[in-house]
Amino acid sequence: MTAPSAPIPDRYDPGTVEARWYPEWERRGYFGADPRSPRKPFSIVIPPPNVTGSLHMGHALNNTLQDVLIRMKRMDGFNALWVPGTDHAGIATQVVIERQLAAEGKTKEDVGREAFVERVWRWKEESGGIIIRQLKRLGASCDWSRERFTMDAGLSRAVREVFVRLWEDGLVYRDDYIVNWCPRCQTVLSDLEVEREERDAEFVYIKYGPLTLGTVRPETKLGDTALAVHPGDRRYAAWVGQELDVPSVEGTIRLRVVADEAVDPEFGTGVVKVTPGHDPVDFEIGRRHHLPVRTVIGFDGRMTAAAGKYAGLDRFECRRRIVEDLRRLGLIERIEPYRHAVGVCYRCKTVVEPLVSKQWYVNVKPLAEPASAAVRQGRIRIIPRSWTRTYHHWMDNIRPWCISRQLWWGHRIPAWYCDRDGEVYVSRDDLTTCPKCGGALRQDTDVLDTWFSSALWPFSTLGWPDRTADLETFYPTSVLVTGFDILFFWVARMAMMGLRFMGDVPFRDVYIHALVRDAEGQKMSKSKGNVIDPLVMMDRYGTDAFRFTLVALAAQGRDIRLAEDRIEGYRNFANKIWNAARLVLANLDGYDARAAARAPRGLPDRWIVSRLAATTGLVRAHLRRYRFNDAASAVYQFLWHEFCDWYLEMAKVALYRADDPAARLRTQHTLVTVLETTLRLLHPFMPFITEELWQRLPRGDRAPASIMIAAYPRASRRQQDRDAERDMAVVMEVVTAIRAIRGEMRIAPGVTLAATLRPGGDHQALLARAAPLVEALARCRLTVDPRGIRPPASALAVVGPSELYVELAGVVDLEAERGRLDKELQRVAESIAFLEAKLARPDFTARAPAAVVDRERERLAAERARRDKLA
RNA sequence: AGGCUCGUAGCUCAGUGGGAGAGCGCCUCUCUGACGCAGAGGAGGUCGGCGGUUCGAAACCGCCCGAGCCUACCA
């Protein structure tokens with residue numbers, strides 16, 4: 001692509017630039033990685049967004065951070081791979097298609113399983129790629145040739161392989177267990193899929209024969225098979241082991257009293273009714289005491305035949321009826337209002353019903369131990385560290401993972417049942433006839449939890465179970481970038497599966513980023529209507545500004561409150577860069593890189609090169625530590641407040657004066673090289689504008705064709721120039737002093753001031769040389785004179801050992817100058833008092849490090865000198 | 001109940017042991033030949049409170065107050 005030669009507009013227009021470059025990068029294959037490359041690998045797998053998803057702020061932040069890392073590493077010479085893909089998202093996707101069917105007046109049962117699944121696939125092919133296009137809009141430099149989907153043939157094979165091996169090792173099993181059942185979604189939910197919600201309820205105290213107990217679920221009374229008390233509870237010790245005849249809503253029932261640690265004697269009356277069929281705790285108590293399970297609520301949320309005259313009633317309706325009936329029978333002692341957390345389905349918020357049913361489980365305990373150890377031993381680093389505690393806490397208390405789901409969309413469980421001999425066969429290949437008796441087999445109708453396939457993502461996407469070159473090169477991946485909300489769902493399980501099946505951790509670093517909230521700190525949600533749409537922001541301010549905002553706000557361990565004016569601020573930053581480049585490009589006539597490199601460098605040149613080297617070092621150091629916000633602000637600060645505010649202003653002096661062609665040439669050279677380097681430094685954060693401007697700058701013949709594949713800047717020690725930084729500090733201080741006088745005396749910017757500088761110490765040569773710079777930047781005529789005396793009507797400023805007099809006669813009256821000097825004197829006096837007091841304390845001089853004491857002594861001396869001059 | 005995070009300028013937030021910072025907003029000035037999406041200058045803070053450690057604390061420790069999040073089987 002040739003550099004556009006059209007005149008450059010004075011405002012940066014992101015739209016056209018972004019539309020031009022992304023397809024071009026993709027076309028040239030810059031995103032692709034080669035497993036045979038000799039370069040050091042650096043790999044990231046994307047947290048796969050749901051196929052049904054549309055880009056939200058969480059995605060935007062997550063993928064921007066990954067793109068910053070991958071672009072930086074790619075430029076830095078690594079064999080960088082970013083694997084993209086999407087997740088089939090079981091329930092979420094199935095719901096989308098069910099809604100479509102509902103609109104046609106059909107249910108999934110009407111069309112049948114096969115046709116339904118086919119329809120989901122069709123939908124996926126047609127409209128499942130929205131989020132992928134949106135990621136491209138964000139500039140994500142993923143290797144799209146490696147795009148994966150969790151239900152791809154390859155990944156499905158990996159899922160089966162893992163399932164079968166875990167089965168063979170006895171870690172996958174079926175069990176009758178109490179599960180979280182959503183009566184609306186008609187499926188089991190894992191513990192992680194159950195959310196807690198505070199709800200108001202009634203705490204009903206019911207008489208159970210001679211005992212009384214409180215419950216919030218009177219309807220489960222019909223499923224009671226025992227009463228329980230704490231083993232140490234003296235009040236009830238006599239009853240333990242006895243059988244009680246308890247009058248109830250349907251005659252008298254007989255209940256045993258058991259003693260169990262799970263009962264809290266302090267709560268309620270200290271007596272619990274035990275309903276193993278409808279409560280997880282009761283289920284455990286039941287197992288310990290061999291109590292029968294009685295199921296009185298069905299999968300549809302209605303009372304079963306076992307509920308007798310209540311059969312067919314909705315569970316909540318039944319609750320009301322039972323309370324009525326109990327009251328009529330005089331069995332209710334009292335009712336108290338009670339607020340407590342109930343479990344609800346994470347998708348539809350229906351109250352979850354604990355039910356006993358046969359489900360598939362993974363015994364994750366043996367997998368959790370190595371995964372826990374990997375973090376403890378530092379083979380996986382979690383950043384920020386504070387999350388390791390949470391990780392371990394969960395791992396240490398991990399419970400069996402229920403992996404079967406009663407859905408149609410997902411990886412079907414590879415288990416077959418023979419009705420004739422009652423056997424279960426788990427197999428890598430589809431089975432049709434029983435290997436033993438030759439009878440017909442039917443496959444389990446359930447599918448696997450979506451997170452089962454996600455857990456394999458880091459190696460399944462690279463070709464496992466085959467031993468591929470990709471796996472060899474890119475596993476373990478370098479870093480995983482994700483939000484804390486899926487630390488357990490996903491990160492922990494990947495750690496377990498990776499260690500189990502690859503024998504190594506799936507990633508070396510886990511960077512956990514914050515949640516993006518609105519400006520008020522509220523979680524963004526559709527129902528609250530406070531959602532900021534990333535696509536709208538990108539349209540309005542440009543992708544680069546949007547990305548930079550996210551990065552600049554991404555401080556570790558803290559949620560991001562996103563306010564739109566912040567994005568606007570970085571839009572202005574993009575425009576600033578654009579215009580800085582325009583200035584440079586407009587002044588390159590006669591530029592000859594080779595000749596320019598030989599011209600002697602002036603102070604501003606040495607200074608800005610030194611500052612750039614320092615900035616480069618900072619950005620690299622911050623990125624290495626995942627301090628994204630610090631890295632961003634380092635470039636921002638340099639580019640705007642050092643390069644634009646100071647260097648460009650100084651460059652104009654050399655650029656616009658015809659009397660020193662060598663200086664002009666040299667300045668052109670510094671402008672070009674510093675800007676070019678800074679663009680490379682900034683590219684991972686703002687990929688589009690940097691490419692566009694970089695293409696317009698003059699480059700050598702051997703330069704790469706794109707900034708994307710140019711080298712990431714390195715800080716060289718040779719470029720650091722302490723003398724230049726120190727000298728420039730003096731010049732800047734003089735300029736600032738004159739400007740401050742102008743501002744505080746309210747002298748119009750257009751007035752040229754007359755100033756005299758009496759240099760002290762070693763300032764004379766420096767200031768004599770820098771006088772033209774000062775004159776230009778501070779709009780004054782400057783006389784540097786070692787024997788200069790302060791004119792009668794003048795403002796005084798002290799710069800280190802030097803004195804500065806700005807003549808005010810005829811410009812302004814001197815009243816204000818007195819005030820200004822008084823203020824300055826007062827500040828100096830306070831400073832001296834502070835330092836004197838500090839240095840007078842023997843404990844300080846004796847115990848503080850010598851360097852600190854010396855520094856304070858120097859400060860004091862400097863302040864005293866300043867005071868003497870001012871006085 | 002346990003765990004975690006946060007409380008710094010009007011707002012959003014940096015700042016993990018040596019005299020309080022940035023961006024936005026606010027005030028004054030500027031139609032200076034890159035940029036008004038700009039430039040120059042300025043006002044504004046007992047760093048939530050109380051103790052402690054230290055020569056020295058916004059930072060480290062304890063308690064309290066306030067905000068939020070995560071985990072959890074008090075029915």
# chains A, B, ... in the order shown; residues from 1 in each chain; ligands from 1
>>> residues_around(residues="A40 of chain B", least_positions_apart="5", cutoff="9 Å", atoms="only C-alpha atoms (C1' of nucleotides)", output="list in words")
Arg739, Ala740, Arg742, Gly743 and Pro749 of chain A; C29 and U30 of chain B
>>> interface_residues(of="chain B", to="chain A", cutoff="10 Å", atoms="only C-alpha atoms (C1' of nucleotides)", output="ChimeraX atom specification")
/B:3-6,11-14,18-19,22-24,28-30,32,34-35,37-42,55-56,68-71,73-75
>>> residues_around(residues="segment 189-191 of chain A", least_positions_apart="2", cutoff="12 Å", atoms="only C-alpha atoms (C1' of nucleotides)", output="mmCIF file with C-alpha atoms (C1' of nucleotides), in the first residue's frame")
data_model
loop_
_atom_site.group_PDB
_atom_site.id
_atom_site.type_symbol
_atom_site.label_atom_id
_atom_site.label_comp_id
_atom_site.auth_asym_id
_atom_site.auth_seq_id
_atom_site.Cartn_x
_atom_site.Cartn_y
_atom_site.Cartn_z
ATOM 1 C CA GLY A 90 -25.565 -24.669 26.022
ATOM 2 C CA ILE A 91 -28.573 -23.075 27.630
ATOM 3 C CA ILE A 178 -29.540 -34.197 45.229
ATOM 4 C CA VAL A 179 -29.148 -31.650 42.461
ATOM 5 C CA ASN A 180 -30.165 -28.081 41.770
ATOM 6 C CA TRP A 181 -33.109 -28.379 39.442
ATOM 7 C CA CYS A 182 -34.613 -25.522 37.492
ATOM 8 C CA PRO A 183 -38.286 -26.372 36.949
ATOM 9 C CA ARG A 184 -38.546 -23.788 34.186
ATOM 10 C CA CYS A 185 -35.411 -24.637 32.196
ATOM 11 C CA GLN A 186 -36.041 -28.315 32.913
ATOM 12 C CA THR A 187 -32.434 -29.033 33.593
ATOM 13 C CA GLU A 193 -24.984 -21.882 38.188
ATOM 14 C CA VAL A 194 -27.152 -21.214 41.206
ATOM 15 C CA GLU A 195 -27.293 -17.612 42.318
ATOM 16 C CA ARG A 196 -28.402 -16.331 45.690
ATOM 17 C CA PRO A 280 -29.127 -30.758 50.206
ATOM 18 C CA GLY A 343 -31.089 -20.248 45.294
ATOM 19 C CA VAL A 344 -32.291 -19.158 41.884
ATOM 20 C CA CYS A 345 -31.438 -20.221 38.351
ATOM 21 C CA TYR A 346 -28.711 -17.985 36.927
ATOM 22 C CA ARG A 347 -30.608 -17.661 33.663
ATOM 23 C CA CYS A 348 -34.271 -17.312 34.516
ATOM 24 C CA THR A 350 -36.679 -19.265 39.026
ATOM 25 C CA VAL A 351 -36.306 -20.635 42.532
ATOM 26 C CA VAL A 352 -34.227 -23.759 42.250
ATOM 27 C CA GLU A 353 -35.764 -26.986 43.544
ATOM 28 C CA PRO A 354 -33.361 -29.437 45.125
ATOM 29 C CA LEU A 355 -34.290 -32.857 43.794
ATOM 30 C CA GLN A 359 -26.748 -37.493 37.094
ATOM 31 C CA TRP A 360 -23.198 -37.686 35.821
ATOM 32 C CA TYR A 361 -20.426 -36.337 38.008
ATOM 33 C CA VAL A 362 -16.716 -35.707 37.922
ATOM 34 C CA ILE A 398 -14.342 -28.394 46.079
ATOM 35 C CA ARG A 399 -17.326 -30.713 45.642
ATOM 36 C CA PRO A 400 -18.215 -33.168 42.918
ATOM 37 C CA TRP A 401 -18.966 -31.449 39.623
ATOM 38 C CA CYS A 402 -22.328 -32.331 38.151
ATOM 39 C CA ILE A 403 -21.719 -32.387 34.405
ATOM 40 C CA SER A 404 -24.943 -33.671 32.860
ATOM 41 C CA ARG A 405 -27.528 -31.258 31.552
ATOM 42 C CA GLN A 406 -31.004 -32.040 30.280
ATOM 43 C CA LEU A 407 -30.563 -30.040 27.097
ATOM 44 C CA LEU A 448 -22.426 -32.071 29.034
ATOM 45 C CA ASP A 449 -22.140 -28.843 30.990
ATOM 46 C CA THR A 450 -20.813 -26.171 28.628
ATOM 47 C CA TRP A 451 -17.836 -25.621 30.899
ATOM 48 C CA PHE A 452 -16.691 -29.183 30.320
ATOM 49 C CA PHE A 488 -13.955 -21.105 39.241
ATOM 50 C CA PHE A 489 -16.151 -21.850 36.238
ATOM 51 C "C1'" U B 71 -17.898 -17.672 48.756
ATOM 52 C "C1'" A B 72 -21.365 -20.461 52.303
ATOM 53 C "C1'" C B 73 -26.109 -26.292 53.668
#
>>> residues_around(residues="Phe643 of chain A", least_positions_apart="3", cutoff="10 Å", atoms="only C-alpha atoms (C1' of nucleotides)", output="PyMOL selection string")
chain A and resi 577+580+608-609+611-612+636-640+646-651+671+674-675+678
>>> write_last_selection(atoms="C-alpha atoms", output="PDB file, in the first residue's frame")
ATOM      1  CA  ILE A 577      -0.861  12.894  17.948  1.00  0.00           C
ATOM      2  CA  ALA A 580       1.929  16.590  15.970  1.00  0.00           C
ATOM      3  CA  ILE A 608      13.904  14.427  23.910  1.00  0.00           C
ATOM      4  CA  VAL A 609      15.870  11.362  22.836  1.00  0.00           C
ATOM      5  CA  ARG A 611      13.235  11.219  27.605  1.00  0.00           C
ATOM      6  CA  LEU A 612      12.014   8.789  24.968  1.00  0.00           C
ATOM      7  CA  TYR A 636       0.580   9.676  27.168  1.00  0.00           C
ATOM      8  CA  GLN A 637       2.679  11.871  29.418  1.00  0.00           C
ATOM      9  CA  PHE A 638       5.687  11.689  27.128  1.00  0.00           C
ATOM     10  CA  LEU A 639       3.894  12.256  23.885  1.00  0.00           C
ATOM     11  CA  TRP A 640       1.699  15.120  24.981  1.00  0.00           C
ATOM     12  CA  TRP A 646       8.156  21.261  24.801  1.00  0.00           C
ATOM     13  CA  TYR A 647      10.054  19.607  22.025  1.00  0.00           C
ATOM     14  CA  LEU A 648       7.792  20.663  19.167  1.00  0.00           C
ATOM     15  CA  GLU A 649       7.787  24.245  20.421  1.00  0.00           C
ATOM     16  CA  MET A 650      11.586  24.241  20.578  1.00  0.00           C
ATOM     17  CA  ALA A 651      11.835  22.535  17.213  1.00  0.00           C
ATOM     18  CA  LEU A 671      11.396  14.856  14.846  1.00  0.00           C
ATOM     19  CA  VAL A 674      11.409  10.290  17.859  1.00  0.00           C
ATOM     20  CA  LEU A 675       7.928  10.353  16.399  1.00  0.00           C
ATOM     21  CA  THR A 678       6.948   6.729  19.742  1.00  0.00           C
TER      22      THR A 678
END
>>> closest_residue(among="B:C31, B:A57, B:C47, B:C64", to="U8 of chain B", atoms="only C-alpha atoms (C1' of nucleotides)")
B:C47
>>> residues_around(residues="segment 707-715 of chain A", least_positions_apart="3", cutoff="10 Å", atoms="only C-alpha atoms (C1' of nucleotides)", output="ChimeraX atom specification")
/A:25,30-31,71-77,141,610,612-620,676-684,687-688,690-695,703-704,718-720
>>> select_by_dssp(residues="segment 246-458 of chain A", states="strand (DSSP E or B)", output="NGL selection string")
:A and (246-248 or 251-259 or 271-274 or 297 or 302-303 or 314 or 332-345 or 351 or 353-362 or 381-383 or 401-402 or 404-405 or 412 or 415-418 or 424-426 or 433 or 440-443 or 447-448)
>>> atom_distance(atom1="atom CA of Glu125 of chain A", atom2="atom CA of Arg27 of chain A")
22.6 Å
>>> atom_distance(atom1="atom CA of Asn363 of chain A", atom2="atom CA of Val172 of chain A")
6.4 Å
>>> select_by_dssp(residues="segment 157-236 of chain A", states="alpha helix (DSSP H)", output="VMD selection string")
chain A and resid 157 to 168
>>> residues_around(residues="A43 of chain B", least_positions_apart="5", cutoff="12 Å", atoms="only C-alpha atoms (C1' of nucleotides)", output="list in words")
A9, C26, C27 and U28 of chain B
>>> residues_around(residues="Gly439 of chain A", least_positions_apart="5", cutoff="9 Å", atoms="only C-alpha atoms (C1' of nucleotides)", output="PyMOL selection string")
chain A and resi 418-421+432-434
>>> atom_distance(atom1="atom CA of Ala871 of chain A", atom2="atom CA of Val811 of chain A")
23.6 Å
>>> closest_residue(among="B:A1, B:G15, B:G7, B:C63", to="G51 of chain B", atoms="only C-alpha atoms (C1' of nucleotides)")
B:C63
